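Data first, discussion second: the structure below is written as structure tokens.
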Amino acid sequence: MTATLLSQSIGFHYFNPSQRMEWLAMMPFAFEGIRKEVQAQLAIRVLAEKRIDPSPLYLDDIREKYGNLAIRSAYQKADEWVVEELLG
């Protein structure tokens with residue numbers, strides 16, 4: 001929830017149309033529950049109202065690619081994926 005609220009705050013206060021900003025939205029793993037999914041979708045809708053369109057990264061894609069990883073390993077792969085996307 002902190003990351004969701006933080007991204008909304010950043011979107012509201014630092015959006016400048018002349019800046020080229022890339023936004024990534026990490027969609028939670030299924031095991032994190034429906035509440036996290038709903039919060040992530042809400043954050044995307046709120047940002048969309050400010051004309052901010054984040055690219056979603058569906059974390060369950062990691063488990064599909066690498067199998068049923070331990071939670072720590074799944075989040076480590078998620079971190080690596082985010083860095084790849086930001087550098088890419």
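All residue names refer to the structure tokens as shown: chains lettered A, B, ... in order, residues numbered from 1 in each chain, ligands numbered from 1 in order.
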I'd like the contact shell of Leu59 of chain A - 9 Å cut-off, only C-alpha atoms, skipping same-chain residues fewer than 5 positions apart - returned as a compact mmCIF listing (two decimals) with N, CA, C and O atoms, in the first residue's frame.
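Just written: out_23.txt:
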# COMPACT_ATOMS: atom_id res chain seq x y z
N MET A 26 3.88 -2.25 -10.94
CA MET A 26 4.04 -3.67 -10.62
C MET A 26 2.72 -4.20 -10.09
O MET A 26 2.25 -3.78 -9.05
N MET A 27 2.15 -5.11 -10.85
CA MET A 27 0.91 -5.74 -10.43
C MET A 27 1.26 -6.90 -9.52
O MET A 27 2.13 -7.71 -9.86
N PRO A 28 0.64 -7.00 -8.36
CA PRO A 28 1.06 -7.96 -7.34
C PRO A 28 0.90 -9.42 -7.76
O PRO A 28 0.13 -9.74 -8.65
N PHE A 29 1.68 -10.26 -7.08
CA PHE A 29 1.53 -11.70 -7.24
C PHE A 29 0.13 -12.10 -6.77
O PHE A 29 -0.44 -11.46 -5.87
N ALA A 30 -0.41 -13.16 -7.33
CA ALA A 30 -1.74 -13.64 -6.92
C ALA A 30 -1.77 -13.99 -5.44
O ALA A 30 -2.77 -13.75 -4.76
N ALA A 74 11.10 -15.00 -5.73
CA ALA A 74 10.17 -14.35 -6.64
C ALA A 74 10.34 -12.83 -6.60
O ALA A 74 10.37 -12.17 -7.64
N TYR A 75 10.48 -12.28 -5.41
CA TYR A 75 10.68 -10.83 -5.30
C TYR A 75 12.05 -10.42 -5.83
O TYR A 75 12.20 -9.33 -6.40
N ALA A 78 11.62 -10.20 -9.42
CA ALA A 78 10.84 -8.99 -9.71
C ALA A 78 11.74 -7.76 -9.71
O ALA A 78 11.65 -6.91 -10.60
Close residues, Val83 of chain A itself excluded, 12 Å, only C-alpha atoms, min 5 positions apart in chain, as an MDAnalysis selection string
chainID A and resid 24 57 76:78 88
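The interatomic distance for the pair atom CA of Tyr58 of chain A and atom CA of Ala25 of chain A works out to 8.3 Å.
With only C-alpha atoms taken into account, the protein and nucleic acid residues at most 8 Å from Asp53 of chain A (excluding it and anything under 6 positions from it in its own chain) are Trp23, Ile44 and Leu47 of chain A.
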Selection above as a file: N, CA and C atoms, as a PDB file, in the first residue's frame:
ATOM      1  N   TRP A  23       6.757   5.334 -16.377  1.00  0.00           N
ATOM      2  CA  TRP A  23       6.090   4.824 -15.175  1.00  0.00           C
ATOM      3  C   TRP A  23       5.891   3.329 -15.318  1.00  0.00           C
ATOM      4  N   ILE A  44      -3.567   2.863 -10.736  1.00  0.00           N
ATOM      5  CA  ILE A  44      -3.449   3.083 -12.178  1.00  0.00           C
ATOM      6  C   ILE A  44      -4.569   3.994 -12.675  1.00  0.00           C
ATOM      7  N   LEU A  47      -3.827   7.594 -11.533  1.00  0.00           N
ATOM      8  CA  LEU A  47      -2.765   8.173 -12.360  1.00  0.00           C
ATOM      9  C   LEU A  47      -3.268   8.464 -13.776  1.00  0.00           C
TER      10      LEU A  47
END
Per DSSP on the backbone, what are the alpha helix (DSSP H) residues of segment 42-85 of chain A, as JSON, numbers by chain?
{"A": [42, 43, 44, 45, 46, 47, 48, 49, 60, 61, 62, 63, 64, 65, 66, 71, 72, 73, 74, 75, 76, 77, 78, 79, 80, 81, 82, 83, 84, 85]}
Could those selected residues go to a file with C-alpha atoms, as a PDB file, in the first residue's frame?
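The file below, result10.pdb, is the result:
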ATOM      1  CA  LEU A  42      -7.037   1.944  -8.305  1.00  0.00           C
ATOM      2  CA  ALA A  43      -3.597   3.563  -8.403  1.00  0.00           C
ATOM      3  CA  ILE A  44      -3.449   3.083 -12.178  1.00  0.00           C
ATOM      4  CA  ARG A  45      -6.901   4.650 -12.589  1.00  0.00           C
ATOM      5  CA  VAL A  46      -5.970   7.613 -10.400  1.00  0.00           C
ATOM      6  CA  LEU A  47      -2.765   8.173 -12.360  1.00  0.00           C
ATOM      7  CA  ALA A  48      -4.683   7.816 -15.645  1.00  0.00           C
ATOM      8  CA  GLU A  49      -6.916  10.692 -14.560  1.00  0.00           C
ATOM      9  CA  ASP A  60       2.716 -13.576 -11.835  1.00  0.00           C
ATOM     10  CA  ASP A  61       4.513 -13.691 -15.208  1.00  0.00           C
ATOM     11  CA  ILE A  62       7.697 -14.353 -13.207  1.00  0.00           C
ATOM     12  CA  ARG A  63       6.195 -17.440 -11.614  1.00  0.00           C
ATOM     13  CA  GLU A  64       4.955 -18.631 -14.999  1.00  0.00           C
ATOM     14  CA  LYS A  65       8.457 -18.220 -16.441  1.00  0.00           C
ATOM     15  CA  TYR A  66      10.524 -19.599 -13.543  1.00  0.00           C
ATOM     16  CA  ILE A  71       8.648 -15.804  -2.032  1.00  0.00           C
ATOM     17  CA  ARG A  72      12.119 -14.292  -1.534  1.00  0.00           C
ATOM     18  CA  SER A  73      13.317 -15.603  -4.912  1.00  0.00           C
ATOM     19  CA  ALA A  74      10.167 -14.352  -6.642  1.00  0.00           C
ATOM     20  CA  TYR A  75      10.682 -10.831  -5.298  1.00  0.00           C
ATOM     21  CA  GLN A  76      14.371 -10.956  -6.240  1.00  0.00           C
ATOM     22  CA  LYS A  77      13.395 -11.818  -9.822  1.00  0.00           C
ATOM     23  CA  ALA A  78      10.841  -8.994  -9.708  1.00  0.00           C
ATOM     24  CA  ASP A  79      13.551  -6.535  -8.662  1.00  0.00           C
ATOM     25  CA  GLU A  80      15.781  -7.726 -11.505  1.00  0.00           C
ATOM     26  CA  TRP A  81      12.910  -7.349 -13.981  1.00  0.00           C
ATOM     27  CA  VAL A  82      12.173  -3.799 -12.876  1.00  0.00           C
ATOM     28  CA  VAL A  83      15.836  -2.813 -13.244  1.00  0.00           C
ATOM     29  CA  GLU A  84      15.927  -4.362 -16.734  1.00  0.00           C
ATOM     30  CA  GLU A  85      12.809  -2.436 -17.729  1.00  0.00           C
TER      31      GLU A  85
END
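Reported to one decimal place, the separation of atom CA of Ile52 of chain A from atom CA of Glu22 of chain A is 9.2 Å.
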What does the structure give for the distance between atom CA of Glu37 of chain A and atom CA of Ser55 of chain A, in Å to one decimal?
15.3 Å
A:Gln41, A:Gly33, A:Ala70, A:Leu87: which is nearest Pro56 of chain A, counting only C-alpha atoms?
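Of A:Gln41, A:Gly33, A:Ala70, A:Leu87, the one nearest Pro56 of chain A is A:Gln41, counting only C-alpha atoms.
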